[in-house]
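J.: Starting off with a structure, shown below.
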Amino acid sequence: MTFVAPTAEDLGMYLGMAEIDGDRADLLIRQAVALATSVVKPLPDEATAVVLSVAGRAYVNPQQVSYETIGPMSVQRPSGSGGLYLTKADKAALKSLAGRGGAFTVDPTPATADPSPTWPLDDLSSWDGDDEPGWS
């Protein structure tokens, strides 16, 4: 399957908003897809979650406001919580969804290696009983 970008309606549902500016949402989704593609290409099908997260951050806080007071209510957001950007976690998630990263092993044994053990010797008939120099 190929990646299908989420729609403005998907972003509205993700944000829990009944009404959403479709043109603005579509622009942010396209830009979020472009950012995600800079990390992993092609995007995996499951990248929709990351794209919605990136576009959602930019939709709800476009001016990167970190502290706001309106009347008796005030809100403080973490710095860097607005605008269109990928977090370190977003990049890691994209790489993981694409099957990249994580632990792996490399077997340095040649394919032609003989799996039989070389020691201890079961047949000592060829041993003359002399130890190597320095082992007596």
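Residue names in the structure tokens use chain letters A, B, ... in the order shown, residue numbers from 1 in each chain, and ligand numbers from 1 in the order shown.
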Find the residues around Leu43 in chain A up to 8 Å (only C-alpha atoms counted), leave out those fewer than 3 positions away in its own chain, and share them as a PyMOL selection string.
T.: chain A and resi 2-3+36-37+40+47+94+98
J.: Please produce an output containing all heavy atoms for each residue in the selection, written as a PDB file, in the first residue's frame.
T.:
```
ATOM      1  N   THR A   2       0.306   2.305  -0.485  1.00  0.00           N
ATOM      2  CA  THR A   2       1.026   3.576  -0.493  1.00  0.00           C
ATOM      3  C   THR A   2       0.405   4.509   0.534  1.00  0.00           C
ATOM      4  O   THR A   2      -0.768   4.386   0.903  1.00  0.00           O
ATOM      5  CB  THR A   2       0.968   4.221  -1.885  1.00  0.00           C
ATOM      6  OG1 THR A   2      -0.400   4.438  -2.238  1.00  0.00           O
ATOM      7  CG2 THR A   2       1.627   3.338  -2.922  1.00  0.00           C
ATOM      8  N   PHE A   3       1.201   5.461   0.970  1.00  0.00           N
ATOM      9  CA  PHE A   3       0.744   6.427   1.962  1.00  0.00           C
ATOM     10  C   PHE A   3      -0.334   7.318   1.360  1.00  0.00           C
ATOM     11  O   PHE A   3      -0.206   7.818   0.246  1.00  0.00           O
ATOM     12  CB  PHE A   3       1.925   7.284   2.422  1.00  0.00           C
ATOM     13  CG  PHE A   3       1.527   8.411   3.323  1.00  0.00           C
ATOM     14  CD1 PHE A   3       1.212   8.176   4.645  1.00  0.00           C
ATOM     15  CD2 PHE A   3       1.461   9.702   2.844  1.00  0.00           C
ATOM     16  CE1 PHE A   3       0.849   9.212   5.479  1.00  0.00           C
ATOM     17  CE2 PHE A   3       1.096  10.752   3.670  1.00  0.00           C
ATOM     18  CZ  PHE A   3       0.792  10.506   4.989  1.00  0.00           C
ATOM     19  N   ALA A  36       7.866  15.286   6.788  1.00  0.00           N
ATOM     20  CA  ALA A  36       8.018  13.864   7.109  1.00  0.00           C
ATOM     21  C   ALA A  36       8.795  13.150   6.005  1.00  0.00           C
ATOM     22  O   ALA A  36       9.614  12.271   6.283  1.00  0.00           O
ATOM     23  CB  ALA A  36       6.653  13.217   7.314  1.00  0.00           C
ATOM     24  N   THR A  37       8.569  13.545   4.756  1.00  0.00           N
ATOM     25  CA  THR A  37       9.271  12.936   3.631  1.00  0.00           C
ATOM     26  C   THR A  37      10.759  13.256   3.662  1.00  0.00           C
ATOM     27  O   THR A  37      11.568  12.515   3.117  1.00  0.00           O
ATOM     28  CB  THR A  37       8.644  13.395   2.299  1.00  0.00           C
ATOM     29  OG1 THR A  37       7.249  13.097   2.328  1.00  0.00           O
ATOM     30  CG2 THR A  37       9.243  12.686   1.113  1.00  0.00           C
ATOM     31  N   VAL A  40      11.898  10.233   6.000  1.00  0.00           N
ATOM     32  CA  VAL A  40      11.678   8.882   5.468  1.00  0.00           C
ATOM     33  C   VAL A  40      10.973   8.996   4.129  1.00  0.00           C
ATOM     34  O   VAL A  40       9.958   9.683   4.013  1.00  0.00           O
ATOM     35  CB  VAL A  40      10.794   8.055   6.433  1.00  0.00           C
ATOM     36  CG1 VAL A  40      10.456   6.719   5.826  1.00  0.00           C
ATOM     37  CG2 VAL A  40      11.464   7.871   7.764  1.00  0.00           C
ATOM     38  N   ALA A  47       2.271   6.524   8.902  1.00  0.00           N
ATOM     39  CA  ALA A  47       2.813   7.864   9.151  1.00  0.00           C
ATOM     40  C   ALA A  47       1.714   8.901   9.314  1.00  0.00           C
ATOM     41  O   ALA A  47       1.990  10.041   9.697  1.00  0.00           O
ATOM     42  CB  ALA A  47       3.755   8.270   8.026  1.00  0.00           C
ATOM     43  N   LEU A  94       8.799   8.087  12.791  1.00  0.00           N
ATOM     44  CA  LEU A  94       8.812   7.861  11.341  1.00  0.00           C
ATOM     45  C   LEU A  94       9.822   6.785  10.966  1.00  0.00           C
ATOM     46  O   LEU A  94       9.529   5.893  10.162  1.00  0.00           O
ATOM     47  CB  LEU A  94       9.136   9.164  10.601  1.00  0.00           C
ATOM     48  CG  LEU A  94       8.025  10.202  10.539  1.00  0.00           C
ATOM     49  CD1 LEU A  94       8.569  11.522  10.012  1.00  0.00           C
ATOM     50  CD2 LEU A  94       6.874   9.706   9.680  1.00  0.00           C
ATOM     51  N   ALA A  98       8.995   3.019   9.461  1.00  0.00           N
ATOM     52  CA  ALA A  98       9.569   2.611   8.177  1.00  0.00           C
ATOM     53  C   ALA A  98      10.468   1.386   8.320  1.00  0.00           C
ATOM     54  O   ALA A  98      11.023   0.899   7.338  1.00  0.00           O
ATOM     55  CB  ALA A  98      10.354   3.771   7.575  1.00  0.00           C
TER      56      ALA A  98
END
```
J.: Near range 13-27 of chain A, counting only C-alpha atoms, which residues have an atom at most 10 Å away, once you skip same-chain residues fewer than 5 positions from it, shown as a PyMOL selection string?
T.: chain A and resi 5-8+32-33+49+52-53+55-60
J.: Output N, CA and C atoms for every residue in the selection just made, as an mmCIF file, in the first residue's frame.
T.:
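Dumped everything to result-v5.cif:
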```cif
data_model
loop_
_atom_site.group_PDB
_atom_site.id
_atom_site.type_symbol
_atom_site.label_atom_id
_atom_site.label_comp_id
_atom_site.auth_asym_id
_atom_site.auth_seq_id
_atom_site.Cartn_x
_atom_site.Cartn_y
_atom_site.Cartn_z
ATOM 1 N N ALA A 5 -2.329 10.735 2.335
ATOM 2 C CA ALA A 5 -2.302 11.865 3.271
ATOM 3 C C ALA A 5 -3.674 12.036 3.922
ATOM 4 N N PRO A 6 -3.690 12.398 5.204
ATOM 5 C CA PRO A 6 -4.970 12.649 5.860
ATOM 6 C C PRO A 6 -5.650 13.877 5.265
ATOM 7 N N THR A 7 -6.930 13.989 5.499
ATOM 8 C CA THR A 7 -7.709 15.111 4.966
ATOM 9 C C THR A 7 -7.912 16.166 6.053
ATOM 10 N N ALA A 8 -8.468 17.305 5.641
ATOM 11 C CA ALA A 8 -8.800 18.359 6.601
ATOM 12 C C ALA A 8 -9.817 17.841 7.616
ATOM 13 N N ALA A 32 3.292 19.251 6.375
ATOM 14 C CA ALA A 32 3.698 18.208 7.322
ATOM 15 C C ALA A 32 4.164 16.955 6.579
ATOM 16 N N VAL A 33 3.486 16.626 5.492
ATOM 17 C CA VAL A 33 3.903 15.482 4.669
ATOM 18 C C VAL A 33 5.285 15.754 4.068
ATOM 19 N N ALA A 49 -0.372 9.260 11.658
ATOM 20 C CA ALA A 49 -0.395 9.748 13.039
ATOM 21 C C ALA A 49 0.616 10.872 13.238
ATOM 22 N N LEU A 52 -0.556 14.042 11.280
ATOM 23 C CA LEU A 52 -1.636 14.731 11.993
ATOM 24 C C LEU A 52 -1.114 15.465 13.224
ATOM 25 N N SER A 53 -0.160 14.870 13.918
ATOM 26 C CA SER A 53 0.420 15.506 15.087
ATOM 27 C C SER A 53 1.141 16.796 14.705
ATOM 28 N N ALA A 55 0.777 18.641 11.874
ATOM 29 C CA ALA A 55 -0.178 19.629 11.355
ATOM 30 C C ALA A 55 -1.063 20.169 12.472
ATOM 31 N N GLY A 56 -1.437 19.306 13.421
ATOM 32 C CA GLY A 56 -2.281 19.741 14.539
ATOM 33 C C GLY A 56 -1.596 20.758 15.425
ATOM 34 N N ARG A 57 -0.304 20.554 15.706
ATOM 35 C CA ARG A 57 0.459 21.532 16.497
ATOM 36 C C ARG A 57 0.447 22.896 15.833
ATOM 37 N N ALA A 58 0.667 22.896 14.522
ATOM 38 C CA ALA A 58 0.719 24.162 13.791
ATOM 39 C C ALA A 58 -0.670 24.794 13.677
ATOM 40 N N TYR A 59 -1.711 23.973 13.600
ATOM 41 C CA TYR A 59 -3.066 24.516 13.437
ATOM 42 C C TYR A 59 -3.527 25.225 14.706
ATOM 43 N N VAL A 60 -3.279 24.624 15.858
ATOM 44 C CA VAL A 60 -3.796 25.201 17.104
ATOM 45 C C VAL A 60 -2.914 26.310 17.671
#
```
J.: Let me make sure I understand: among A:Glu9, A:Val54, A:Val4, A:Asp45, which one has the smallest atom-to-atom distance to Leu86 in chain A if we use only C-alpha atoms?
T.: A:Val54
J.: So, with only C-alpha atoms as the atoms that count, which of A:Asn61, A:Lys95, A:Lys88, A:Gln31 lies closest to Gln76 in chain A?
T.: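 Once distances to Gln76 in chain A are computed over only C-alpha atoms, the minimum belongs to A:Asn61.
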J.: Report, in Å to a single decimal, how far apart CA of Glu68 in chain A and CA of Asp10 in chain A are.
T.: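 According to the coordinates, CA of Asp10 in chain A and CA of Glu68 in chain A are separated by 27.7 Å.
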